[in-house]
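Chemist: My questions will all concern the structure given below.
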Amino acid sequence: MSNWVKTILFLVGSALLTHWIPSSFFRNLDTMVHEFGHAVVTLALSGKVMYIELYADHSGVTYSSISKSWALIPVSLAGYMTASVFAWFLFSAYAKGKQRLGLQVMIALSGLSLALFVRNGFGIMFLIGFMALTIIVLALAPKWLRDFYYLLMAFLCLEESVFGPLSLVLYAWQNSRAAGDASNLANHTGIPAIAWALFFTLFALWCAKRAVQAFLGRSRGVRASNRQTPASAYRD
């Protein structure tokens, strides 16, 4: 079975499984990472970030200003691409047995977002609650529960990072002016919004493929290790 087929099946399976779990609250992690990407690139290009708002429906918006018109292109690219790379990072960390590092990165990004950017009520409550829960899991939870929590976050980020751009394709098809980042890119490049939405989707799928490869590689390694039988010890 090809890696692309595995990736598609993996995404569909993870979407079905995560929808059986009460996970609506945690889906805002992907939104936070998306908006954080916009904010960081804005600051890197000498722009100003006023604030970020995160909403209960998993949407978000970054209010910023930047003097260089060309800089709006990398800023608009940053959101979906950052979310896709972050999902890949979580699975790469899992493949290397570095779940603690992944959880620490989640806490750090949430803390920076809370301290520097997010100002609306729901966004603040989400970040405080998510940070508190993740710190408790990191510090007190047994390994099996910590790994379950980590994989839940990773799968949700992976799912959201792919299905978000896919939804953008539909929005761009129906109304090119209502496709968020794709519309902004269309306005500044002349390339249609649907083309940018497809670009985001293809990039997300590429990152998802790498994430699935990392996860399956880790799983095969664990199974191979479990199949090994220890050699009999000999004592004289």
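Residues are referred to by chain and number: the chain letter is A, B, ... according to the order shown in the structure tokens, the number counts from 1 in that chain, and ligands are numbered separately from 1 in the order shown.
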Taking the DSSP assignment computed from this structure's backbone, write out as a ChimeraX atom specification all residues of region 49-201 of chain A that belong to helix (DSSP H, G or I).
Modeler: /A:69-95,99-116,121-140,143-174,176-178,181-189,193-201
Chemist: Can you pull out the residues contacting Trp196 (chain A)? Cut-off 10 Å, using only C-alpha atoms, and skip same-chain residues under 2 positions away; I want them as an NGL selection string.
Modeler: :A and (77 or 165 or 168-169 or 172 or 179 or 181-186 or 191-194 or 198-202)
Chemist: Please provide as number ranges by chain all residues within 12 Å of Gly164 (chain A), with the sequence filter that same-chain residues fewer than 4 positions apart are discarded (counting only C-alpha atoms).
Modeler: A: 27, 30-31, 34, 58-59, 79-81, 83-84, 156-160, 168-171, 179-182, 197-198, 200-205
Chemist: Keeping N, CA and C atoms for every residue in the selection just given, could you write it to a file as an mmCIF file, in the first residue's frame?
Modeler:
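Once everything was written out, this is selection39.cif:
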```cif
data_model
loop_
_atom_site.group_PDB
_atom_site.id
_atom_site.type_symbol
_atom_site.label_atom_id
_atom_site.label_comp_id
_atom_site.auth_asym_id
_atom_site.auth_seq_id
_atom_site.Cartn_x
_atom_site.Cartn_y
_atom_site.Cartn_z
ATOM 1 N N ARG A 27 -9.527 21.151 20.090
ATOM 2 C CA ARG A 27 -9.307 21.521 18.698
ATOM 3 C C ARG A 27 -8.818 22.955 18.559
ATOM 4 N N ASP A 30 -4.940 23.738 17.486
ATOM 5 C CA ASP A 30 -4.537 23.983 16.104
ATOM 6 C C ASP A 30 -4.786 25.434 15.713
ATOM 7 N N THR A 31 -5.914 25.994 16.146
ATOM 8 C CA THR A 31 -6.217 27.396 15.850
ATOM 9 C C THR A 31 -5.187 28.317 16.472
ATOM 10 N N HIS A 34 -2.018 28.150 14.490
ATOM 11 C CA HIS A 34 -2.244 28.864 13.220
ATOM 12 C C HIS A 34 -2.075 30.374 13.416
ATOM 13 N N HIS A 58 -13.698 27.200 17.037
ATOM 14 C CA HIS A 58 -12.372 26.805 16.540
ATOM 15 C C HIS A 58 -11.817 27.754 15.495
ATOM 16 N N SER A 59 -12.427 28.897 15.329
ATOM 17 C CA SER A 59 -11.888 29.898 14.420
ATOM 18 C C SER A 59 -11.058 30.895 15.216
ATOM 19 N N GLY A 79 -0.012 30.998 8.530
ATOM 20 C CA GLY A 79 -0.979 30.337 9.403
ATOM 21 C C GLY A 79 -1.143 28.856 9.143
ATOM 22 N N TYR A 80 -1.637 28.519 7.958
ATOM 23 C CA TYR A 80 -1.878 27.105 7.638
ATOM 24 C C TYR A 80 -0.581 26.307 7.583
ATOM 25 N N MET A 81 0.481 26.921 7.086
ATOM 26 C CA MET A 81 1.736 26.195 6.966
ATOM 27 C C MET A 81 2.349 25.905 8.334
ATOM 28 N N ALA A 83 0.643 25.483 11.122
ATOM 29 C CA ALA A 83 -0.177 24.423 11.720
ATOM 30 C C ALA A 83 0.194 23.060 11.158
ATOM 31 N N SER A 84 0.468 22.985 9.855
ATOM 32 C CA SER A 84 0.833 21.716 9.233
ATOM 33 C C SER A 84 2.184 21.224 9.729
ATOM 34 N N LEU A 156 -5.496 15.312 16.713
ATOM 35 C CA LEU A 156 -6.393 16.444 16.476
ATOM 36 C C LEU A 156 -5.713 17.521 15.642
ATOM 37 N N CYS A 157 -4.462 17.813 15.962
ATOM 38 C CA CYS A 157 -3.734 18.814 15.175
ATOM 39 C C CYS A 157 -3.544 18.347 13.734
ATOM 40 N N LEU A 158 -3.248 17.058 13.560
ATOM 41 C CA LEU A 158 -3.075 16.520 12.210
ATOM 42 C C LEU A 158 -4.376 16.633 11.421
ATOM 43 N N GLU A 159 -5.460 16.216 12.044
ATOM 44 C CA GLU A 159 -6.767 16.273 11.371
ATOM 45 C C GLU A 159 -7.141 17.704 11.013
ATOM 46 N N GLU A 160 -7.030 18.605 11.987
ATOM 47 C CA GLU A 160 -7.412 19.993 11.748
ATOM 48 C C GLU A 160 -6.510 20.660 10.709
ATOM 49 N N LEU A 168 -11.175 25.349 3.165
ATOM 50 C CA LEU A 168 -10.849 26.599 2.482
ATOM 51 C C LEU A 168 -11.063 26.470 0.975
ATOM 52 N N VAL A 169 -10.795 25.293 0.427
ATOM 53 C CA VAL A 169 -11.044 25.065 -0.995
ATOM 54 C C VAL A 169 -12.526 25.258 -1.310
ATOM 55 N N LEU A 170 -13.388 24.724 -0.455
ATOM 56 C CA LEU A 170 -14.833 24.876 -0.672
ATOM 57 C C LEU A 170 -15.256 26.334 -0.562
ATOM 58 N N TYR A 171 -14.715 27.028 0.444
ATOM 59 C CA TYR A 171 -15.056 28.447 0.595
ATOM 60 C C TYR A 171 -14.605 29.241 -0.630
ATOM 61 N N ALA A 179 -12.548 33.444 1.633
ATOM 62 C CA ALA A 179 -11.671 32.298 1.864
ATOM 63 C C ALA A 179 -10.464 32.667 2.721
ATOM 64 N N GLY A 180 -10.623 33.631 3.620
ATOM 65 C CA GLY A 180 -9.602 33.946 4.609
ATOM 66 C C GLY A 180 -8.233 34.232 4.017
ATOM 67 N N ASP A 181 -7.244 33.469 4.452
ATOM 68 C CA ASP A 181 -5.866 33.685 4.017
ATOM 69 C C ASP A 181 -5.721 33.536 2.505
ATOM 70 N N ALA A 182 -6.470 32.616 1.905
ATOM 71 C CA ALA A 182 -6.403 32.439 0.457
ATOM 72 C C ALA A 182 -6.897 33.691 -0.263
ATOM 73 N N ALA A 197 -5.736 27.991 -1.865
ATOM 74 C CA ALA A 197 -6.354 26.990 -0.985
ATOM 75 C C ALA A 197 -5.860 25.589 -1.345
ATOM 76 N N LEU A 198 -5.728 25.309 -2.633
ATOM 77 C CA LEU A 198 -5.198 24.014 -3.054
ATOM 78 C C LEU A 198 -3.738 23.857 -2.648
ATOM 79 N N PHE A 200 -2.313 25.214 0.019
ATOM 80 C CA PHE A 200 -2.331 24.911 1.456
ATOM 81 C C PHE A 200 -2.692 23.442 1.693
ATOM 82 N N THR A 201 -3.651 22.948 0.924
ATOM 83 C CA THR A 201 -4.094 21.559 1.093
ATOM 84 C C THR A 201 -2.989 20.574 0.723
ATOM 85 N N LEU A 202 -2.321 20.819 -0.385
ATOM 86 C CA LEU A 202 -1.239 19.924 -0.805
ATOM 87 C C LEU A 202 -0.084 19.949 0.186
ATOM 88 N N PHE A 203 0.235 21.133 0.697
ATOM 89 C CA PHE A 203 1.305 21.224 1.692
ATOM 90 C C PHE A 203 0.911 20.485 2.968
ATOM 91 N N ALA A 204 -0.346 20.637 3.373
ATOM 92 C CA ALA A 204 -0.831 19.942 4.563
ATOM 93 C C ALA A 204 -0.778 18.431 4.377
ATOM 94 N N LEU A 205 -1.152 17.953 3.188
ATOM 95 C CA LEU A 205 -1.109 16.520 2.916
ATOM 96 C C LEU A 205 0.329 16.004 2.911
#
```
Chemist: Neighbouring residues of Ala39 (chain A) were defined as those with any atom within 12 Å, considering only C-alpha atoms; residues of the same chain fewer than 2 positions away were excluded. Please report them as a VMD selection string.
Modeler: chain A and resid 32 to 37 41 to 53 61 to 66 72 74 to 79 82 109 112 to 113 116 to 118
Chemist: Nearest to Thr134 (chain A): which of A:Leu29, A:Val85, A:Leu216, A:Ile73 is it, counting only C-alpha atoms?
Modeler: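 Under the stated criterion, the closest residue is A:Leu29.
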Chemist: To one decimal in Å, tell me the separation between CA of Trp88 (chain A) and CA of Ala211 (chain A).
Modeler: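 Separating CA of Trp88 (chain A) from CA of Ala211 (chain A) is a distance of 4.7 Å.
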Chemist: Taking the backbone alone, and naming residues the way the document does, which bits of chain A are strand (DSSP E or B) by DSSP, as number ranges by chain?
Modeler: A: 48-54, 60-65, 118
Chemist: From the set A:Asn120, A:Asn187, A:Gln99, A:Ser161, which residue has the shortest atom-to-atom contact distance to Ala87 (chain A), counting only C-alpha atoms?
Modeler: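 Distance minimum relative to Ala87 (chain A) lands on A:Ser161.
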Chemist: Would you mind reading off the distance between CA of Met125 (chain A) and CA of Phe155 (chain A), one decimal, in Å?
Modeler: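 Separating CA of Met125 (chain A) from CA of Phe155 (chain A) is a distance of 22.7 Å.
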